[in-house]
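input-v6.cif, holding mmCIF, C-alpha atoms:
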data_final
#
loop_
_atom_site.label_atom_id
_atom_site.label_comp_id
_atom_site.auth_asym_id
_atom_site.auth_seq_id
_atom_site.Cartn_x
_atom_site.Cartn_y
_atom_site.Cartn_z
CA GLY N 1 94.77 124.10 202.83
CA ALA N 2 97.26 125.56 200.39
CA GLY N 3 100.90 125.45 201.29
CA VAL N 4 103.62 127.98 200.56
CA SER N 5 103.91 128.75 196.87
CA GLN N 6 106.75 130.37 194.97
CA SER N 7 107.02 131.73 191.48
CA PRO N 8 108.59 131.34 189.09
CA ARG N 9 109.84 127.81 189.75
CA TYR N 10 112.73 128.33 187.35
CA LYS N 11 114.36 131.53 186.22
CA VAL N 12 117.24 132.01 183.80
CA ALA N 13 118.79 135.46 183.76
CA LYS N 14 121.64 137.00 181.88
CA ARG N 15 124.36 138.49 184.05
CA GLY N 16 123.43 142.04 184.92
CA GLN N 17 119.67 141.56 184.71
CA ASP N 18 117.35 142.26 187.61
CA VAL N 19 115.08 139.46 188.86
CA ALA N 20 112.11 139.31 191.22
CA LEU N 21 111.10 136.15 193.04
CA ARG N 22 107.69 135.86 194.64
CA CYS N 23 106.54 133.99 197.74
CA ASP N 24 102.93 133.39 198.81
CA PRO N 25 103.01 132.17 202.42
CA ILE N 26 100.32 130.18 204.18
CA SER N 27 97.43 132.50 204.97
CA GLY N 28 97.62 133.92 208.48
CA HIS N 29 101.28 133.08 209.02
CA VAL N 30 103.04 135.88 210.82
CA SER N 31 106.65 135.00 210.03
CA LEU N 32 108.26 134.71 206.61
CA PHE N 33 111.82 133.66 205.84
CA TRP N 34 114.00 133.58 202.74
CA TYR N 35 116.87 131.12 202.34
CA GLN N 36 119.45 130.59 199.61
CA GLN N 37 120.70 127.12 198.78
CA ALA N 38 123.84 126.90 196.67
CA LEU N 39 124.78 123.61 195.04
CA GLY N 40 126.01 121.07 197.57
CA GLN N 41 125.16 123.26 200.56
CA GLY N 42 122.34 123.45 203.03
CA PRO N 43 119.89 126.35 202.86
CA GLU N 44 121.37 129.58 204.24
CA PHE N 45 119.31 132.27 205.91
CA LEU N 46 118.81 135.52 204.02
CA THR N 47 116.12 137.53 205.78
CA TYR N 48 113.14 137.35 208.16
CA PHE N 49 109.84 139.26 208.28
CA GLN N 50 107.35 139.44 211.10
CA ASN N 51 104.22 140.66 209.37
CA GLU N 52 105.42 143.57 207.22
CA ALA N 53 108.45 144.38 209.37
CA GLN N 54 111.82 143.12 208.19
CA LEU N 55 113.40 142.22 211.52
CA ASP N 56 116.57 140.56 210.30
CA LYS N 57 118.35 141.00 206.99
CA SER N 58 121.76 139.93 208.18
CA GLY N 59 122.01 137.11 205.66
CA LEU N 60 121.56 139.18 202.52
CA PRO N 61 124.89 138.79 200.73
CA SER N 62 125.10 142.26 199.22
CA ASP N 63 123.16 145.46 198.67
CA ARG N 64 122.02 144.01 195.35
CA PHE N 65 119.58 141.86 197.33
CA PHE N 66 116.37 143.44 198.57
CA ALA N 67 113.25 141.87 200.10
CA GLU N 68 109.88 143.29 200.97
CA ARG N 69 106.55 142.19 202.40
CA PRO N 70 104.51 145.40 202.22
CA GLU N 71 101.15 144.09 203.42
CA GLY N 72 102.37 141.33 205.67
CA SER N 73 101.48 138.51 203.31
CA VAL N 74 103.13 138.10 199.89
CA SER N 75 106.87 138.72 199.78
CA THR N 76 109.22 139.54 196.94
CA LEU N 77 112.96 138.97 196.86
CA LYS N 78 114.64 141.19 194.30
CA ILE N 79 118.17 140.75 193.03
CA GLN N 80 119.65 143.60 191.04
CA ARG N 81 122.43 143.25 188.49
CA THR N 82 122.58 139.48 188.89
CA GLN N 83 125.97 137.77 189.00
CA GLN N 84 126.86 134.15 188.31
CA GLU N 85 127.42 133.52 192.02
CA ASP N 86 123.75 134.34 192.61
CA SER N 87 122.81 131.05 190.89
CA ALA N 88 121.06 129.01 193.56
CA VAL N 89 117.72 127.74 194.77
CA TYR N 90 115.84 130.42 196.70
CA LEU N 91 113.50 129.00 199.31
CA CYS N 92 110.72 130.79 201.12
CA ALA N 93 109.21 129.54 204.39
CA SER N 94 106.46 130.76 206.66
CA SER N 95 105.49 129.99 210.24
CA LEU N 96 102.41 130.72 212.29
CA GLY N 97 104.08 132.36 215.26
CA ALA N 98 106.36 135.32 215.74
CA GLY N 99 109.79 133.71 215.53
CA ARG N 100 109.44 131.16 218.33
CA ASN N 101 112.16 128.53 218.35
CA THR N 102 109.68 125.64 218.23
CA ASP N 103 107.60 127.01 215.36
CA THR N 104 107.64 124.73 212.34
CA GLN N 105 108.68 126.55 209.19
CA TYR N 106 106.70 125.45 206.13
CA PHE N 107 108.69 125.67 202.95
CA GLY N 108 107.77 126.39 199.37
CA PRO N 109 109.24 124.39 196.47
CA GLY N 110 111.85 127.05 195.76
CA THR N 111 112.87 129.08 192.73
CA ARG N 112 115.91 127.79 190.90
CA LEU N 113 117.80 130.82 189.55
CA THR N 114 120.48 130.32 186.91
CA VAL N 115 122.56 133.32 185.91
CA LEU N 116 124.39 132.95 182.61
CA ILE G 1 128.11 131.59 213.42
CA LEU G 2 126.90 128.09 214.29
CA ASN G 3 128.78 125.19 212.73
CA VAL G 4 126.34 122.39 211.95
CA GLU G 5 127.74 119.14 210.62
CA GLN G 6 125.88 116.18 209.23
CA SER G 7 127.32 112.77 208.47
CA PRO G 8 127.53 110.88 206.32
CA GLN G 9 127.12 113.18 203.32
CA SER G 10 125.44 110.40 201.37
CA LEU G 11 124.22 106.91 201.99
CA HIS G 12 123.06 104.12 199.70
CA VAL G 13 121.10 101.25 201.27
CA GLN G 14 118.95 98.35 200.14
CA GLU G 15 115.23 98.29 200.72
CA GLY G 16 114.55 96.87 204.16
CA ASP G 17 117.85 98.01 205.69
CA SER G 18 117.76 100.22 208.75
CA THR G 19 119.96 103.27 208.76
CA ASN G 20 120.94 106.23 210.87
CA PHE G 21 122.75 109.51 210.49
CA THR G 22 124.15 112.21 212.72
CA CYS G 23 123.75 115.94 213.20
CA SER G 24 126.35 117.76 215.32
CA PHE G 25 125.95 121.32 216.58
CA PRO G 26 127.40 123.58 219.28
CA SER G 27 125.87 122.67 222.63
CA SER G 28 126.01 126.18 224.09
CA ASN G 29 122.95 128.46 223.77
CA PHE G 30 120.79 125.63 222.49
CA TYR G 31 117.11 126.40 221.86
CA ALA G 32 115.65 123.79 219.52
CA LEU G 33 116.61 121.42 216.72
CA HIS G 34 114.53 120.92 213.59
CA TRP G 35 114.74 117.96 211.19
CA TYR G 36 113.52 118.19 207.61
CA ARG G 37 113.19 115.76 204.72
CA TRP G 38 113.67 117.17 201.22
CA GLU G 39 112.71 115.06 198.22
CA THR G 40 113.88 116.11 194.79
CA ALA G 41 111.57 118.64 193.10
CA LYS G 42 109.44 119.01 196.25
CA SER G 43 109.32 121.33 199.24
CA PRO G 44 111.34 120.52 202.37
CA GLU G 45 108.99 118.76 204.77
CA ALA G 46 109.23 119.17 208.54
CA LEU G 47 109.83 115.93 210.44
CA PHE G 48 110.54 116.87 214.05
CA VAL G 49 111.14 119.80 216.38
CA MET G 50 113.14 118.78 219.43
CA THR G 51 113.96 120.86 222.46
CA LEU G 52 114.77 118.79 225.54
CA ASN G 53 117.90 116.81 226.30
CA GLY G 54 117.06 113.12 225.95
CA ASP G 55 114.06 113.93 223.77
CA GLU G 56 112.98 111.15 221.47
CA LYS G 57 110.45 111.62 218.67
CA LYS G 58 108.89 109.12 216.27
CA LYS G 59 106.93 109.37 213.04
CA GLY G 60 106.15 106.03 211.46
CA ARG G 61 109.45 104.30 210.73
CA ILE G 62 111.50 107.42 211.40
CA SER G 63 112.70 108.41 214.85
CA ALA G 64 115.15 110.91 216.28
CA THR G 65 117.01 111.43 219.52
CA LEU G 66 118.60 114.56 220.97
CA ASN G 67 121.59 115.13 223.24
CA THR G 68 121.89 118.85 223.96
CA LYS G 69 124.76 118.48 226.42
CA GLU G 70 127.12 117.00 223.87
CA GLY G 71 125.51 118.65 220.87
CA TYR G 72 124.22 115.89 218.62
CA SER G 73 121.07 114.32 217.27
CA TYR G 74 120.56 110.98 215.55
CA LEU G 75 117.92 110.23 212.96
CA TYR G 76 116.97 106.58 212.47
CA ILE G 77 114.99 104.98 209.68
CA LYS G 78 113.80 101.44 210.30
CA GLY G 79 113.24 99.17 207.29
CA SER G 80 114.09 101.78 204.62
CA GLN G 81 111.80 102.01 201.62
CA PRO G 82 112.51 103.58 198.20
CA GLU G 83 110.12 106.43 199.09
CA ASP G 84 112.48 107.35 201.95
CA SER G 85 115.03 108.48 199.35
CA ALA G 86 115.62 112.16 200.06
CA THR G 87 118.03 114.59 201.66
CA TYR G 88 117.65 114.83 205.42
CA LEU G 89 118.53 118.21 206.90
CA CYS G 90 118.96 119.22 210.51
CA ALA G 91 118.80 122.81 211.68
CA PRO G 92 119.38 124.21 215.15
CA TYR G 93 117.41 127.34 215.87
CA ASN G 94 119.52 130.43 216.55
CA THR G 95 118.04 133.82 217.53
CA ASP G 96 115.40 134.11 214.81
CA LYS G 97 116.55 131.68 212.14
CA LEU G 98 117.33 128.06 211.36
CA ILE G 99 120.97 127.20 210.66
CA PHE G 100 121.00 124.22 208.31
CA GLY G 101 123.62 121.54 207.90
CA THR G 102 124.56 120.36 204.43
CA GLY G 103 122.32 117.32 204.77
CA THR G 104 122.58 113.58 204.38
CA ARG G 105 121.47 112.33 200.99
CA LEU G 106 119.80 108.91 201.33
CA GLN G 107 119.21 106.64 198.36
CA VAL G 108 117.22 103.42 198.96
CA PHE G 109 117.44 100.81 196.22
CA PRO G 110 114.64 98.28 195.66
#

Give the structure from this file in C-alpha coordinates form.
Amino acid sequence: GAGVSQSPRYKVAKRGQDVALRCDPISGHVSLFWYQQALGQGPEFLTYFQNEAQLDKSGLPSDRFFAERPEGSVSTLKIQRTQQEDSAVYLCASSLGAGRNTDTQYFGPGTRLTVL
Amino acid sequence: ILNVEQSPQSLHVQEGDSTNFTCSFPSSNFYALHWYRWETAKSPEALFVMTLNGDEKKKGRISATLNTKEGYSYLYIKGSQPEDSATYLCAPYNTDKLIFGTGTRLQVFP
(Lines of atoms letter the chains of each structure in order from A and count residues from 1; the text may use other names and numbers.)
(Lines give C-alpha, C1' and ligand atoms only; values in the text may rest on other atoms or scores of the structure.)
Protein backbone atom coordinates (compact mmCIF):
# COMPACT_ATOMS: atom_id res chain seq x y z
CA GLY A 1 0.00 0.00 0.00
CA ALA A 2 0.93 3.65 -0.20
CA GLY A 3 3.33 5.02 2.36
CA VAL A 4 3.40 8.43 3.98
CA SER A 5 3.55 11.22 1.44
CA GLN A 6 4.52 14.85 1.90
CA SER A 7 4.19 17.87 -0.30
CA PRO A 8 5.86 19.89 -1.52
CA ARG A 9 9.18 18.04 -1.48
CA TYR A 10 11.08 21.32 -1.75
CA LYS A 11 9.98 24.79 -0.78
CA VAL A 12 11.89 28.05 -1.08
CA ALA A 13 10.41 30.99 0.79
CA LYS A 14 11.45 34.56 1.25
CA ARG A 15 11.88 35.64 4.85
CA GLY A 16 8.55 36.77 6.20
CA GLN A 17 6.42 34.59 3.94
CA ASP A 18 3.94 32.06 5.29
CA VAL A 19 4.30 28.41 4.22
CA ALA A 20 2.09 25.33 4.52
CA LEU A 21 3.47 21.81 4.45
CA ARG A 22 1.18 18.86 3.88
CA CYS A 23 1.35 15.29 5.16
CA ASP A 24 -0.77 12.36 3.96
CA PRO A 25 -0.33 9.54 6.49
CA ILE A 26 -0.92 5.85 5.87
CA SER A 27 -4.65 5.24 5.75
CA GLY A 28 -6.05 4.13 9.10
CA HIS A 29 -3.06 5.27 11.14
CA VAL A 30 -4.18 6.85 14.37
CA SER A 31 -1.02 8.72 15.32
CA LEU A 32 0.75 11.42 13.33
CA PHE A 33 4.00 13.15 14.21
CA TRP A 34 5.94 16.11 12.84
CA TYR A 35 9.71 16.40 13.21
CA GLN A 36 12.20 19.07 12.19
CA GLN A 37 15.69 18.14 11.07
CA ALA A 38 18.25 20.93 10.94
CA LEU A 39 21.50 20.41 9.07
CA GLY A 40 23.84 18.05 10.91
CA GLN A 41 21.25 17.15 13.55
CA GLY A 42 18.88 14.30 14.13
CA PRO A 43 15.15 14.83 13.66
CA GLU A 44 13.59 16.77 16.55
CA PHE A 45 10.01 16.30 17.67
CA LEU A 46 7.57 19.11 16.95
CA THR A 47 4.06 17.84 17.61
CA TYR A 48 1.86 14.73 17.91
CA PHE A 49 -1.75 14.03 16.92
CA GLN A 50 -3.94 11.15 17.95
CA ASN A 51 -6.69 11.22 15.35
CA GLU A 52 -7.71 14.89 15.19
CA ALA A 53 -6.57 15.74 18.71
CA GLN A 54 -3.23 17.48 19.10
CA LEU A 55 -1.99 15.83 22.27
CA ASP A 56 1.51 17.25 22.40
CA LYS A 57 2.84 20.42 20.83
CA SER A 58 5.74 20.90 23.19
CA GLY A 59 8.32 20.82 20.40
CA LEU A 60 6.94 23.68 18.33
CA PRO A 61 9.70 26.29 18.50
CA SER A 62 7.52 29.38 18.52
CA ASP A 63 3.96 30.60 18.10
CA ARG A 64 4.71 31.06 14.40
CA PHE A 65 4.38 27.28 14.04
CA PHE A 66 0.91 25.79 13.88
CA ALA A 67 -0.24 22.27 13.00
CA GLU A 68 -3.66 20.80 12.41
CA ARG A 69 -5.28 17.50 11.48
CA PRO A 70 -8.96 18.45 11.32
CA GLU A 71 -10.42 15.15 10.12
CA GLY A 72 -7.90 12.82 11.67
CA SER A 73 -6.11 12.02 8.43
CA VAL A 74 -4.22 14.67 6.42
CA SER A 75 -2.17 17.12 8.46
CA THR A 76 -0.79 20.55 7.66
CA LEU A 77 2.13 22.27 9.34
CA LYS A 78 1.99 26.01 8.88
CA ILE A 79 4.84 28.39 9.54
CA GLN A 80 4.03 32.08 9.62
CA ARG A 81 6.50 34.87 8.91
CA THR A 82 9.30 32.43 8.10
CA GLN A 83 12.80 33.15 9.39
CA GLN A 84 16.13 31.86 8.14
CA GLU A 85 16.45 29.59 11.19
CA ASP A 86 13.31 27.77 10.03
CA SER A 87 15.33 26.29 7.13
CA ALA A 88 15.28 22.54 7.71
CA VAL A 89 13.80 19.27 6.54
CA TYR A 90 10.32 18.74 7.96
CA LEU A 91 9.43 15.09 8.39
CA CYS A 92 6.02 13.61 8.97
CA ALA A 93 5.47 10.12 10.40
CA SER A 94 2.42 8.04 11.18
CA SER A 95 1.84 4.95 13.29
CA LEU A 96 -1.04 2.53 13.57
CA GLY A 97 -1.54 2.66 17.32
CA ALA A 98 -2.24 5.39 19.82
CA GLY A 99 1.25 6.39 20.90
CA ARG A 100 2.50 3.02 22.13
CA ASN A 101 6.24 2.88 22.71
CA THR A 102 6.70 -0.13 20.42
CA ASP A 103 4.72 1.27 17.50
CA THR A 104 6.82 1.69 14.39
CA GLN A 105 6.63 5.20 13.00
CA TYR A 106 6.53 5.28 9.19
CA PHE A 107 8.14 8.35 7.75
CA GLY A 108 7.50 10.40 4.66
CA PRO A 109 10.35 11.70 2.47
CA GLY A 110 10.25 15.12 4.10
CA THR A 111 9.87 18.67 2.85
CA ARG A 112 13.10 20.61 2.55
CA LEU A 113 12.34 24.25 3.41
CA THR A 114 14.86 26.93 2.53
CA VAL A 115 14.20 30.46 3.76
CA LEU A 116 16.15 33.16 1.95
CA ILE B 1 15.35 16.20 27.96
CA LEU B 2 16.97 12.92 26.92
CA ASN B 3 20.57 13.10 25.71
CA VAL B 4 21.09 10.56 22.95
CA GLU B 5 24.59 10.13 21.57
CA GLN B 6 25.70 8.16 18.57
CA SER B 7 29.25 7.32 17.61
CA PRO B 8 31.08 7.56 15.40
CA GLN B 9 29.54 10.49 13.54
CA SER B 10 30.72 9.07 10.23
CA LEU B 11 32.37 5.93 8.99
CA HIS B 12 33.95 4.97 5.68
CA VAL B 13 34.51 1.27 5.00
CA GLN B 14 35.35 -0.97 2.08
CA GLU B 15 32.83 -3.35 0.60
CA GLY B 16 32.94 -6.60 2.54
CA ASP B 17 34.09 -5.04 5.82
CA SER B 18 32.00 -5.56 8.91
CA THR B 19 31.24 -2.53 11.03
CA ASN B 20 29.43 -1.47 14.16
CA PHE B 21 28.30 1.71 15.83
CA THR B 22 26.96 2.78 19.18
CA CYS B 23 23.90 4.53 20.55
CA SER B 24 24.01 5.78 24.16
CA PHE B 25 20.97 6.98 26.09
CA PRO B 26 19.91 7.53 29.71
CA SER B 27 19.09 4.18 31.30
CA SER B 28 16.41 5.52 33.65
CA ASN B 29 12.75 5.44 32.56
CA PHE B 30 13.54 3.32 29.52
CA TYR B 31 10.61 2.18 27.37
CA ALA B 32 11.87 1.20 23.93
CA LEU B 33 14.63 1.93 21.43
CA HIS B 34 14.04 2.36 17.71
CA TRP B 35 16.68 2.10 14.96
CA TYR B 36 16.19 3.69 11.56
CA ARG B 37 18.14 3.75 8.31
CA TRP B 38 17.92 6.92 6.22
CA GLU B 39 19.24 6.89 2.67
CA THR B 40 19.73 10.17 0.88
CA ALA B 41 16.57 11.45 -0.85
CA LYS B 42 14.44 8.68 0.68
CA SER B 43 12.25 8.26 3.74
CA PRO B 44 13.76 7.01 7.01
CA GLU B 45 13.14 3.27 7.15
CA ALA B 46 12.47 1.42 10.41
CA LEU B 47 14.98 -1.32 11.20
CA PHE B 48 14.27 -2.50 14.73
CA VAL B 49 12.21 -1.78 17.83
CA MET B 50 13.86 -3.12 20.97
CA THR B 51 12.48 -3.21 24.46
CA LEU B 52 14.10 -5.84 26.67
CA ASN B 53 17.53 -5.80 28.26
CA GLY B 54 19.71 -8.27 26.37
CA ASP B 55 17.42 -8.11 23.35
CA GLU B 56 19.05 -9.02 20.07
CA LYS B 57 17.41 -8.44 16.69
CA LYS B 58 18.52 -9.38 13.18
CA LYS B 59 17.47 -8.37 9.68
CA GLY B 60 19.61 -9.89 6.95
CA ARG B 61 23.19 -8.72 7.52
CA ILE B 62 22.18 -6.13 10.10
CA SER B 63 21.78 -6.92 13.78
CA ALA B 64 21.40 -4.94 16.98
CA THR B 65 21.80 -5.53 20.68
CA LEU B 66 20.38 -3.64 23.65
CA ASN B 67 21.65 -3.02 27.18
CA THR B 68 19.03 -1.05 29.09
CA LYS B 69 20.88 -1.18 32.41
CA GLU B 70 23.90 0.70 31.12
CA GLY B 71 22.02 2.60 28.42
CA TYR B 72 23.49 1.56 25.10
CA SER B 73 22.72 -0.28 21.90
CA TYR B 74 25.06 -1.56 19.20
CA LEU B 75 24.21 -1.90 15.54
CA TYR B 76 26.30 -4.33 13.49
CA ILE B 77 26.54 -4.71 9.75
CA LYS B 78 28.24 -7.87 8.50
CA GLY B 79 29.94 -7.76 5.09
CA SER B 80 28.98 -4.16 4.24
CA GLN B 81 27.69 -3.48 0.74
CA PRO B 82 27.49 -0.13 -1.11
CA GLU B 83 23.70 -0.23 -0.72
CA ASP B 84 24.21 -0.08 3.06
CA SER B 85 25.44 3.50 2.66
CA ALA B 86 23.05 5.61 4.70
CA THR B 87 22.66 7.45 7.99
CA TYR B 88 21.71 5.16 10.87
CA LEU B 89 19.62 6.81 13.58
CA CYS B 90 18.68 5.53 17.00
CA ALA B 91 15.78 6.92 18.99
CA PRO B 92 14.66 6.03 22.50
CA TYR B 93 10.95 6.44 23.06
CA ASN B 94 10.02 9.04 25.67
CA THR B 95 6.42 9.71 26.77
CA ASP B 96 4.81 10.07 23.34
CA LYS B 97 7.73 10.79 21.03
CA LEU B 98 11.01 9.49 19.65
CA ILE B 99 14.17 11.33 20.69
CA PHE B 100 16.69 10.93 17.89
CA GLY B 101 20.46 10.96 18.05
CA THR B 102 22.43 12.81 15.39
CA GLY B 103 23.10 9.56 13.55
CA THR B 104 26.07 7.67 12.18
CA ARG B 105 26.71 8.31 8.51
CA LEU B 106 28.04 5.16 6.82
CA GLN B 107 29.72 5.22 3.44
CA VAL B 108 30.65 1.85 1.87
CA PHE B 109 33.09 2.01 -1.03
CA PRO B 110 33.15 -0.70 -3.73

Open item on the list: Please check the contacts: residues of chain N at most 12 Å away from chain G, using all atoms listed in the file, listed as number ranges by chain.
Closed with: N: 3-6, 9-10, 31-50, 54-59, 89-95, 97-112

- [ ] Name the residues in contact with Thr82 in chain N at a cut-off of 12 Å, using all atoms listed in the file, excluding same-chain residues fewer than 4 positions from it; report them as a list in words.
- [x] Lys11, Val12, Ala13, Lys14, Arg15, Gly16, Gln17, Asp18, Val19, Ala20, Ser62, Asp63, Arg64, Phe65, Lys78, Asp86, Ser87, Ala88, Leu113, Thr114, Val115 and Leu116 of chain N

Neighbour list for range 59-65 of chain G as a PDB file with C-alpha atoms, in the coordinates of the input, cut-off 10 Å, all atoms listed in the file, skip fewer than 4 positions in-chain:
ATOM      1  CA  SER G  18     117.760 100.220 208.750  1.00  0.00           C
ATOM      2  CA  THR G  19     119.960 103.270 208.760  1.00  0.00           C
ATOM      3  CA  ASN G  20     120.940 106.230 210.870  1.00  0.00           C
ATOM      4  CA  PHE G  21     122.750 109.510 210.490  1.00  0.00           C
ATOM      5  CA  THR G  22     124.150 112.210 212.720  1.00  0.00           C
ATOM      6  CA  TRP G  35     114.740 117.960 211.190  1.00  0.00           C
ATOM      7  CA  LEU G  47     109.830 115.930 210.440  1.00  0.00           C
ATOM      8  CA  PHE G  48     110.540 116.870 214.050  1.00  0.00           C
ATOM      9  CA  VAL G  49     111.140 119.800 216.380  1.00  0.00           C
ATOM     10  CA  MET G  50     113.140 118.780 219.430  1.00  0.00           C
ATOM     11  CA  LEU G  52     114.770 118.790 225.540  1.00  0.00           C
ATOM     12  CA  ASN G  53     117.900 116.810 226.300  1.00  0.00           C
ATOM     13  CA  GLY G  54     117.060 113.120 225.950  1.00  0.00           C
ATOM     14  CA  ASP G  55     114.060 113.930 223.770  1.00  0.00           C
ATOM     15  CA  TYR G  72     124.220 115.890 218.620  1.00  0.00           C
ATOM     16  CA  SER G  73     121.070 114.320 217.270  1.00  0.00           C
ATOM     17  CA  TYR G  74     120.560 110.980 215.550  1.00  0.00           C
ATOM     18  CA  LEU G  75     117.920 110.230 212.960  1.00  0.00           C
ATOM     19  CA  TYR G  76     116.970 106.580 212.470  1.00  0.00           C
ATOM     20  CA  ILE G  77     114.990 104.980 209.680  1.00  0.00           C
ATOM     21  CA  LYS G  78     113.800 101.440 210.300  1.00  0.00           C
ATOM     22  CA  GLY G  79     113.240  99.170 207.290  1.00  0.00           C
ATOM     23  CA  SER G  80     114.090 101.780 204.620  1.00  0.00           C
ATOM     24  CA  GLN G  81     111.800 102.010 201.620  1.00  0.00           C
ATOM     25  CA  ASP G  84     112.480 107.350 201.950  1.00  0.00           C
TER      26      ASP G  84
END

Task: Gap from CA of Leu66 in chain G to CA of Cys23 in chain G - Å, one decimal - done: 9.4 Å

Task: Straight-line distance linking CA of Asn67 in chain G with CA of Leu96 in chain N, stated in Å to one decimal - done: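 Those two atoms sit 27.0 Å apart.
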
TODO: Work out how far apart CA of Glu5 in chain G and CA of Arg105 in chain G are and give it in Å to one decimal.
DONE: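 Result for CA of Glu5 in chain G versus CA of Arg105 in chain G: 13.4 Å, one decimal.
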